[in-house]
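**Student:** Hey, dropping model27.cif in here, mmCIF, C-alpha atoms:
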data_work
loop_
_atom_site.group_PDB
_atom_site.id
_atom_site.type_symbol
_atom_site.label_atom_id
_atom_site.label_comp_id
_atom_site.auth_asym_id
_atom_site.auth_seq_id
_atom_site.Cartn_x
_atom_site.Cartn_y
_atom_site.Cartn_z
ATOM 1 C CA MET A 1 14.660 -27.995 14.713
ATOM 2 C CA ASN A 2 12.958 -24.710 15.696
ATOM 3 C CA ASN A 3 16.300 -23.095 16.549
ATOM 4 C CA LYS A 4 17.796 -24.254 13.257
ATOM 5 C CA ARG A 5 14.814 -22.797 11.364
ATOM 6 C CA ILE A 6 15.171 -19.483 13.181
ATOM 7 C CA ILE A 7 18.926 -19.303 12.515
ATOM 8 C CA ILE A 8 18.409 -20.062 8.823
ATOM 9 C CA GLY A 9 15.629 -17.469 8.582
ATOM 10 C CA VAL A 10 17.676 -14.784 10.349
ATOM 11 C CA THR A 11 20.688 -15.526 8.142
ATOM 12 C CA ILE A 12 18.622 -15.310 4.959
ATOM 13 C CA GLY A 13 16.996 -12.116 6.252
ATOM 14 C CA ILE A 14 20.335 -10.426 7.012
ATOM 15 C CA ILE A 15 21.827 -11.393 3.652
ATOM 16 C CA ALA A 16 18.668 -10.260 1.805
ATOM 17 C CA ALA A 17 18.580 -6.984 3.776
ATOM 18 C CA ILE A 18 22.198 -6.222 2.852
ATOM 19 C CA LEU A 19 21.697 -7.099 -0.825
ATOM 20 C CA TRP A 20 18.402 -5.207 -1.171
ATOM 21 C CA SER A 21 19.853 -2.205 0.687
ATOM 22 C CA VAL A 22 22.768 -2.027 -1.756
ATOM 23 C CA VAL A 23 20.381 -2.349 -4.713
ATOM 24 C CA PHE A 24 18.002 0.340 -3.468
ATOM 25 C CA ILE A 25 20.775 2.720 -2.375
ATOM 26 C CA ASN A 26 22.052 2.567 -5.954
ATOM 27 C CA VAL A 27 18.585 2.753 -7.563
ATOM 28 C CA LEU A 28 17.286 5.576 -5.362
ATOM 29 C CA ASN A 29 20.674 7.245 -4.979
ATOM 30 C CA SER A 30 19.732 7.731 -1.339
ATOM 31 C CA MET A 31 20.305 6.166 2.051
ATOM 32 C CA ALA A 32 16.522 5.621 2.174
ATOM 33 C CA GLY A 33 17.325 2.425 0.296
ATOM 34 C CA ILE A 34 18.481 0.903 3.583
ATOM 35 C CA GLY A 35 14.936 1.037 4.978
ATOM 36 C CA ILE A 36 13.519 -0.587 1.878
ATOM 37 C CA GLY A 37 16.271 -3.199 1.996
ATOM 38 C CA ILE A 38 15.504 -4.002 5.609
ATOM 39 C CA CYS A 39 11.766 -4.368 4.853
ATOM 40 C CA LEU A 40 12.514 -6.759 2.013
ATOM 41 C CA GLY A 41 15.140 -8.558 4.114
ATOM 42 C CA ILE A 42 12.589 -9.210 6.844
ATOM 43 C CA SER A 43 10.185 -10.664 4.279
ATOM 44 C CA PHE A 44 12.912 -12.880 2.833
ATOM 45 C CA GLY A 45 13.970 -13.929 6.344
ATOM 46 C CA ILE A 46 10.450 -14.990 7.207
ATOM 47 C CA SER A 47 10.189 -16.800 3.890
ATOM 48 C CA GLY A 48 13.520 -18.518 4.491
ATOM 49 C CA SER A 49 12.450 -19.854 7.857
ATOM 50 C CA LEU A 50 9.162 -21.028 6.360
ATOM 51 C CA ILE A 51 10.840 -23.274 3.849
ATOM 52 C CA PHE A 52 11.215 -25.698 6.726
ATOM 53 C CA SER A 53 7.655 -25.303 7.979
ATOM 54 C CA LYS A 54 4.468 -26.818 6.641
ATOM 55 C CA LYS A 55 1.880 -24.709 8.456
ATOM 56 C CA ILE A 56 -0.237 -22.923 5.862
ATOM 57 C CA LYS A 57 -1.107 -20.118 8.292
ATOM 58 C CA ILE A 58 2.534 -19.077 8.301
ATOM 59 C CA TYR A 59 2.533 -18.835 4.507
ATOM 60 C CA GLU A 60 -0.643 -16.767 4.663
ATOM 61 C CA ASN A 61 1.203 -14.388 7.002
ATOM 62 C CA VAL A 62 4.025 -14.113 4.472
ATOM 63 C CA ILE A 63 1.563 -13.190 1.717
ATOM 64 C CA PHE A 64 -0.151 -10.698 4.003
ATOM 65 C CA SER A 65 3.090 -9.021 5.106
ATOM 66 C CA GLY A 66 4.399 -9.189 1.533
ATOM 67 C CA PHE A 67 1.622 -6.830 0.496
ATOM 68 C CA SER A 68 2.894 -4.226 2.952
ATOM 69 C CA THR A 69 6.421 -4.558 1.617
ATOM 70 C CA LEU A 70 5.418 -4.371 -2.047
ATOM 71 C CA ASN A 71 2.999 -1.529 -1.368
ATOM 72 C CA PHE A 72 5.701 0.430 0.456
ATOM 73 C CA VAL A 73 8.399 -0.107 -2.170
ATOM 74 C CA LEU A 74 6.222 0.547 -5.231
ATOM 75 C CA SER A 75 4.551 3.571 -3.623
ATOM 76 C CA THR A 76 7.943 4.995 -2.652
ATOM 77 C CA MET A 77 9.171 4.541 -6.207
ATOM 78 C CA ALA A 78 6.008 6.216 -7.540
ATOM 79 C CA GLY A 79 6.574 9.142 -5.152
ATOM 80 C CA LEU A 80 10.135 9.513 -6.387
ATOM 81 C CA ALA A 81 8.923 9.440 -9.993
ATOM 82 C CA LEU A 82 6.423 12.206 -9.179
ATOM 83 C CA ARG A 83 9.219 14.311 -7.655
ATOM 84 C CA GLU A 84 11.069 13.929 -10.946
ATOM 85 C CA ASN A 85 7.839 14.928 -12.724
ATOM 86 C CA ASP A 86 7.634 11.546 -14.457
ATOM 87 C CA ILE A 87 3.883 11.127 -14.124
ATOM 88 C CA GLY A 88 3.776 8.333 -16.704
ATOM 89 C CA TYR A 89 6.192 6.145 -14.739
ATOM 90 C CA ALA A 90 4.465 7.029 -11.452
ATOM 91 C CA ARG A 91 1.133 5.990 -12.987
ATOM 92 C CA PHE A 92 2.701 2.714 -14.174
ATOM 93 C CA LEU A 93 4.049 1.963 -10.665
ATOM 94 C CA SER A 94 0.738 2.897 -9.022
ATOM 95 C CA GLY A 95 -0.972 0.505 -11.423
ATOM 96 C CA LYS A 96 1.316 -2.229 -10.097
ATOM 97 C CA VAL A 97 0.281 -1.381 -6.525
ATOM 98 C CA GLN A 98 -3.349 -1.631 -7.629
ATOM 99 C CA ALA A 99 -2.701 -5.016 -9.243
ATOM 100 C CA VAL A 100 -1.008 -6.327 -6.098
ATOM 101 C CA ALA A 101 -3.885 -5.067 -3.909
ATOM 102 C CA HIS A 102 -6.380 -6.758 -6.222
ATOM 103 C CA THR A 103 -4.459 -10.034 -6.468
ATOM 104 C CA LEU A 104 -3.916 -10.263 -2.715
ATOM 105 C CA GLU A 105 -7.574 -9.330 -2.050
ATOM 106 C CA MET A 106 -6.928 -6.213 0.021
ATOM 107 C CA GLY A 107 -10.262 -4.568 -0.801
ATOM 108 C CA LYS A 108 -11.421 -1.947 -3.297
ATOM 109 C CA TYR A 109 -10.236 0.967 -1.152
ATOM 110 C CA ASN A 110 -6.659 -0.301 -1.270
ATOM 111 C CA GLU A 111 -6.986 -0.846 -5.016
ATOM 112 C CA TYR A 112 -8.056 2.757 -5.683
ATOM 113 C CA SER A 113 -5.858 4.634 -3.205
ATOM 114 C CA PRO A 114 -2.546 4.433 -5.140
ATOM 115 C CA MET A 115 -3.954 6.623 -7.929
ATOM 116 C CA LEU A 116 -4.780 9.599 -5.718
ATOM 117 C CA ASP A 117 -1.263 11.079 -5.822
ATOM 118 C CA ILE A 118 -1.128 10.593 -9.592
ATOM 119 C CA VAL A 119 -4.346 12.453 -10.393
ATOM 120 C CA CYS A 120 -3.463 15.194 -7.903
ATOM 121 C CA ALA A 121 0.014 15.665 -9.375
ATOM 122 C CA GLY A 122 -1.507 16.082 -12.830
ATOM 123 C CA LYS A 123 -4.288 18.319 -11.441
ATOM 124 C CA ASP A 124 -6.673 16.017 -13.278
ATOM 125 C CA VAL A 125 -10.090 17.319 -12.190
ATOM 126 C CA GLU A 126 -12.206 14.424 -13.506
ATOM 127 C CA GLY A 127 -9.623 11.849 -12.462
ATOM 128 C CA THR A 128 -9.426 13.284 -8.942
ATOM 129 C CA TYR A 129 -13.201 13.265 -8.659
ATOM 130 C CA LYS A 130 -13.413 9.615 -9.763
ATOM 131 C CA VAL A 131 -10.627 8.398 -7.468
ATOM 132 C CA VAL A 132 -11.927 10.329 -4.439
ATOM 133 C CA LYS A 133 -15.481 9.103 -5.072
ATOM 134 C CA HIS A 134 -14.212 5.510 -5.239
ATOM 135 C CA LEU A 135 -12.259 6.016 -2.014
ATOM 136 C CA LEU A 136 -15.199 7.503 -0.122
ATOM 137 C CA ASP A 137 -17.608 4.877 -1.469
ATOM 138 C CA ASN A 138 -15.226 2.056 -0.514
ATOM 139 C CA VAL A 139 -13.933 3.056 2.931
ATOM 140 C CA GLY A 140 -15.878 0.059 4.235
ATOM 141 C CA THR A 141 -13.687 -2.274 2.153
ATOM 142 C CA MET A 142 -10.413 -1.242 3.817
ATOM 143 C CA TYR A 143 -10.451 -4.406 5.891
ATOM 144 C CA ASP A 144 -12.020 -6.772 3.363
ATOM 145 C CA PHE A 145 -8.893 -8.913 3.457
ATOM 146 C CA ARG A 146 -10.340 -10.334 6.688
ATOM 147 C CA LYS A 147 -13.051 -12.017 4.574
ATOM 148 C CA SER A 148 -10.658 -13.360 1.938
ATOM 149 C CA GLY A 149 -10.150 -17.088 1.531
ATOM 150 C CA LEU A 150 -6.482 -16.283 0.969
ATOM 151 C CA TYR A 151 -6.096 -15.591 4.698
ATOM 152 C CA LYS A 152 -8.653 -18.051 6.034
ATOM 153 C CA HIS A 153 -6.359 -19.472 8.729
ATOM 154 C CA MET A 154 -5.398 -16.062 10.102
ATOM 155 C CA LYS A 155 -7.257 -14.399 12.944
ATOM 156 C CA PHE A 156 -8.160 -10.721 12.705
ATOM 157 C CA ARG A 157 -9.808 -8.443 15.227
ATOM 158 C CA ASP A 158 -13.301 -7.185 14.507
ATOM 159 C CA ILE A 159 -13.455 -3.643 13.185
ATOM 160 C CA ASP A 160 -15.820 -1.188 14.794
ATOM 161 C CA GLU A 161 -17.900 0.629 12.164
ATOM 162 C CA ALA A 162 -17.272 3.866 14.076
ATOM 163 C CA ILE A 163 -13.602 3.583 13.115
ATOM 164 C CA LEU A 164 -14.556 3.485 9.439
ATOM 165 C CA ASP A 165 -16.847 6.489 9.899
ATOM 166 C CA GLY A 166 -13.927 8.309 11.500
ATOM 167 C CA VAL A 167 -11.691 7.415 8.550
ATOM 168 C CA LYS A 168 -14.282 8.789 6.132
ATOM 169 C CA GLU A 169 -14.519 12.043 8.110
ATOM 170 C CA LYS A 170 -10.721 12.419 8.120
ATOM 171 C CA LEU A 171 -10.639 11.818 4.365
ATOM 172 C CA LEU A 172 -13.326 14.434 3.761
ATOM 173 C CA GLU A 173 -11.448 16.873 5.979
ATOM 174 C CA GLY A 174 -8.302 16.317 3.899
ATOM 175 C CA PHE A 175 -10.144 16.613 0.583
ATOM 176 C CA ARG A 176 -11.558 19.972 1.673
ATOM 177 C CA LYS A 177 -8.077 21.515 2.029
ATOM 178 C CA GLU A 178 -7.711 24.366 -0.413
ATOM 179 C CA GLU A 179 -3.918 24.128 -0.634
ATOM 180 C CA GLU A 180 -4.053 20.544 -1.922
ATOM 181 C CA PHE A 181 -7.342 20.449 -3.803
ATOM 182 C CA GLY A 182 -7.836 24.081 -4.817
ATOM 183 C CA TYR A 183 -7.736 23.052 -8.478
ATOM 184 C CA MET A 184 -11.065 21.270 -7.896
ATOM 185 C CA ALA A 185 -12.884 24.500 -6.942
ATOM 186 C CA GLY A 186 -15.918 25.177 -9.084
ATOM 187 C CA TYR A 187 -16.305 21.570 -10.270
ATOM 188 C CA GLU A 188 -19.908 20.945 -9.268
ATOM 189 C CA PRO A 189 -19.756 17.155 -8.794
ATOM 190 C CA TRP A 190 -16.744 17.700 -6.481
ATOM 191 C CA GLU A 191 -18.581 20.319 -4.434
ATOM 192 C CA LYS A 192 -21.504 17.930 -3.924
ATOM 193 C CA LEU A 193 -19.226 14.987 -3.129
ATOM 194 C CA ILE A 194 -17.002 16.775 -0.618
ATOM 195 C CA PHE A 195 -19.012 19.587 0.910
ATOM 196 C CA ASP A 196 -22.619 18.323 0.836
ATOM 197 C CA ARG A 197 -22.014 15.336 3.127
#
What would the structure in this file look like if it were written as structure tokens?

**Tutor:**
Amino acid sequence: MNNKRIIIGVTIGIIAAILWSVVFINVLNSMAGIGIGICLGISFGISGSLIFSKKIKIYENVIFSGFSTLNFVLSTMAGLALRENDIGYARFLSGKVQAVAHTLEMGKYNEYSPMLDIVCAGKDVEGTYKVVKHLLDNVGTMYDFRKSGLYKHMKFRDIDEAILDGVKEKLLEGFRKEEEFGYMAGYEPWEKLIFDR
């Protein structure tokens, strides 16, 4: 029975990978669609093999890995929209990433992070300040999914607080870069938020 389940899952995964690759090659007009197709194919393959399984932990894993797939695909699409200077569509797609992060209980940090590229692309001073403040204030929520009832049968490693402090320092270092955030110069709340820490 296990071998049959694996064969069915692999078959579904290969078929889904081929179909999604074709779709995304056409949508993105790029061979990058193959990578997206493979990511989605893997998710479908896992889902296909789970149809014959009744262990809830396995379904929790599908939901958890599904977030990564959706996050990757929607964020990639938003990045492409930004390259085409379609900030409205990029904002719409980033909103979808936020909704997925919220629905799948990935923590406030993961809910706010998709908007950073949008506000930066538009050189939105107040928007950038708000998003960056939310990110810095919510670094500690990056791993909140570990506390979610949605993944209660999954086992996660403990996270050392020093890792989160390191993440915050790396973020601050990035936010201080003139070439990316020069448009924020002179905005007093930004100066206090980024440089007075």

**Student:** For a quick check of understanding, using only C-alpha atoms, which of A:Ser94, A:Thr128, A:Thr141, A:Ser148 has the smallest distance to Leu193 (chain A)?

**Tutor:** A:Thr128

**Student:** Do a neighbour search on Asp165 (chain A) at 12 Å with only C-alpha atoms, toss out local chain neighbours closer than 3 positions, and write the hits as a ChimeraX atom specification.

**Tutor:** /A:136-140,142,159-162,168-172

**Student:** Rank nothing, just name the residue among A:Leu116, A:Val132, A:Ala78, A:Val100 nearest to Trp190 (chain A), using all atoms listed in the file.

**Tutor:**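 Counting all atoms listed in the file, the residue closest to Trp190 (chain A) is A:Val132.
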
**Student:** CA of Ala185 (chain A) and CA of Gly166 (chain A) are how many Å apart?

**Tutor:** 24.6 Å

**Student:** Pull out every residue that the PyMOL selection byres ((chain A and resi 156) around 10) matches in the shown coordinates and put them as a VMD selection string.

**Tutor:** chain A and resid 143 145 to 147 151 to 155 157 to 159

**Student:** Using all atoms listed in the file for the distances, tell me which of A:Ala121, A:Leu104, A:Leu74, A:Ile194 is nearest to Val62 (chain A).

**Tutor:** A:Leu104

**Student:** For this structure, which residues satisfy the selection - the PyMOL selection byres ((chain A and resi 99) around 12) - when it is evaluated on the file as given? I want them as a list of chain:residue names.

**Tutor:** A:Phe67, A:Leu70, A:Asn71, A:Leu74, A:Phe92, A:Leu93, A:Ser94, A:Gly95, A:Lys96, A:Val97, A:Gln98, A:Val100, A:Ala101, A:His102, A:Thr103, A:Leu104, A:Glu105, A:Met106, A:Gly107, A:Lys108, A:Asn110, A:Glu111, A:Tyr112, A:Ser113, A:Pro114, A:Met115

**Student:** Write the residues of the selection above to a file with C-alpha atoms, as a PDB file, in the frame of the given file.

**Tutor:**
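part31.pdb written:
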ATOM      1  CA  PHE A  67       1.622  -6.830   0.496  1.00  0.00           C
ATOM      2  CA  LEU A  70       5.418  -4.371  -2.047  1.00  0.00           C
ATOM      3  CA  ASN A  71       2.999  -1.529  -1.368  1.00  0.00           C
ATOM      4  CA  LEU A  74       6.222   0.547  -5.231  1.00  0.00           C
ATOM      5  CA  PHE A  92       2.701   2.714 -14.174  1.00  0.00           C
ATOM      6  CA  LEU A  93       4.049   1.963 -10.665  1.00  0.00           C
ATOM      7  CA  SER A  94       0.738   2.897  -9.022  1.00  0.00           C
ATOM      8  CA  GLY A  95      -0.972   0.505 -11.423  1.00  0.00           C
ATOM      9  CA  LYS A  96       1.316  -2.229 -10.097  1.00  0.00           C
ATOM     10  CA  VAL A  97       0.281  -1.381  -6.525  1.00  0.00           C
ATOM     11  CA  GLN A  98      -3.349  -1.631  -7.629  1.00  0.00           C
ATOM     12  CA  VAL A 100      -1.008  -6.327  -6.098  1.00  0.00           C
ATOM     13  CA  ALA A 101      -3.885  -5.067  -3.909  1.00  0.00           C
ATOM     14  CA  HIS A 102      -6.380  -6.758  -6.222  1.00  0.00           C
ATOM     15  CA  THR A 103      -4.459 -10.034  -6.468  1.00  0.00           C
ATOM     16  CA  LEU A 104      -3.916 -10.263  -2.715  1.00  0.00           C
ATOM     17  CA  GLU A 105      -7.574  -9.330  -2.050  1.00  0.00           C
ATOM     18  CA  MET A 106      -6.928  -6.213   0.021  1.00  0.00           C
ATOM     19  CA  GLY A 107     -10.262  -4.568  -0.801  1.00  0.00           C
ATOM     20  CA  LYS A 108     -11.421  -1.947  -3.297  1.00  0.00           C
ATOM     21  CA  ASN A 110      -6.659  -0.301  -1.270  1.00  0.00           C
ATOM     22  CA  GLU A 111      -6.986  -0.846  -5.016  1.00  0.00           C
ATOM     23  CA  TYR A 112      -8.056   2.757  -5.683  1.00  0.00           C
ATOM     24  CA  SER A 113      -5.858   4.634  -3.205  1.00  0.00           C
ATOM     25  CA  PRO A 114      -2.546   4.433  -5.140  1.00  0.00           C
ATOM     26  CA  MET A 115      -3.954   6.623  -7.929  1.00  0.00           C
TER      27      MET A 115
END

**Student:** So how far away is CA of Gly122 (chain A) from CA of Ile87 (chain A), in Å?

**Tutor:** 7.4 Å

**Student:** For the point (-8.2, 18.4, -7.4) in file coordinates, what residues are within 12 Å, counting all atoms listed in the file? Give the answer as a VMD selection string?

**Tutor:** chain A and resid 116 to 132 174 to 187 189 to 191 194

**Student:** For the selection you just gave me, I'd like the residues written to a file as a PDB file, in the frame of the given file, keeping C-alpha atoms.

**Tutor:**
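Written file, out_22.pdb:
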ATOM      1  CA  LEU A 116      -4.780   9.599  -5.718  1.00  0.00           C
ATOM      2  CA  ASP A 117      -1.263  11.079  -5.822  1.00  0.00           C
ATOM      3  CA  ILE A 118      -1.128  10.593  -9.592  1.00  0.00           C
ATOM      4  CA  VAL A 119      -4.346  12.453 -10.393  1.00  0.00           C
ATOM      5  CA  CYS A 120      -3.463  15.194  -7.903  1.00  0.00           C
ATOM      6  CA  ALA A 121       0.014  15.665  -9.375  1.00  0.00           C
ATOM      7  CA  GLY A 122      -1.507  16.082 -12.830  1.00  0.00           C
ATOM      8  CA  LYS A 123      -4.288  18.319 -11.441  1.00  0.00           C
ATOM      9  CA  ASP A 124      -6.673  16.017 -13.278  1.00  0.00           C
ATOM     10  CA  VAL A 125     -10.090  17.319 -12.190  1.00  0.00           C
ATOM     11  CA  GLU A 126     -12.206  14.424 -13.506  1.00  0.00           C
ATOM     12  CA  GLY A 127      -9.623  11.849 -12.462  1.00  0.00           C
ATOM     13  CA  THR A 128      -9.426  13.284  -8.942  1.00  0.00           C
ATOM     14  CA  TYR A 129     -13.201  13.265  -8.659  1.00  0.00           C
ATOM     15  CA  LYS A 130     -13.413   9.615  -9.763  1.00  0.00           C
ATOM     16  CA  VAL A 131     -10.627   8.398  -7.468  1.00  0.00           C
ATOM     17  CA  VAL A 132     -11.927  10.329  -4.439  1.00  0.00           C
ATOM     18  CA  GLY A 174      -8.302  16.317   3.899  1.00  0.00           C
ATOM     19  CA  PHE A 175     -10.144  16.613   0.583  1.00  0.00           C
ATOM     20  CA  ARG A 176     -11.558  19.972   1.673  1.00  0.00           C
ATOM     21  CA  LYS A 177      -8.077  21.515   2.029  1.00  0.00           C
ATOM     22  CA  GLU A 178      -7.711  24.366  -0.413  1.00  0.00           C
ATOM     23  CA  GLU A 179      -3.918  24.128  -0.634  1.00  0.00           C
ATOM     24  CA  GLU A 180      -4.053  20.544  -1.922  1.00  0.00           C
ATOM     25  CA  PHE A 181      -7.342  20.449  -3.803  1.00  0.00           C
ATOM     26  CA  GLY A 182      -7.836  24.081  -4.817  1.00  0.00           C
ATOM     27  CA  TYR A 183      -7.736  23.052  -8.478  1.00  0.00           C
ATOM     28  CA  MET A 184     -11.065  21.270  -7.896  1.00  0.00           C
ATOM     29  CA  ALA A 185     -12.884  24.500  -6.942  1.00  0.00           C
ATOM     30  CA  GLY A 186     -15.918  25.177  -9.084  1.00  0.00           C
ATOM     31  CA  TYR A 187     -16.305  21.570 -10.270  1.00  0.00           C
ATOM     32  CA  PRO A 189     -19.756  17.155  -8.794  1.00  0.00           C
ATOM     33  CA  TRP A 190     -16.744  17.700  -6.481  1.00  0.00           C
ATOM     34  CA  GLU A 191     -18.581  20.319  -4.434  1.00  0.00           C
ATOM     35  CA  ILE A 194     -17.002  16.775  -0.618  1.00  0.00           C
TER      36      ILE A 194
END

**Student:** Give me, please, the distance in Å between CA of Gly66 (chain A) and CA of Leu150 (chain A), quoted to one decimal.

**Tutor:**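 Between CA of Gly66 (chain A) and CA of Leu150 (chain A) the gap works out to 13.0 Å.
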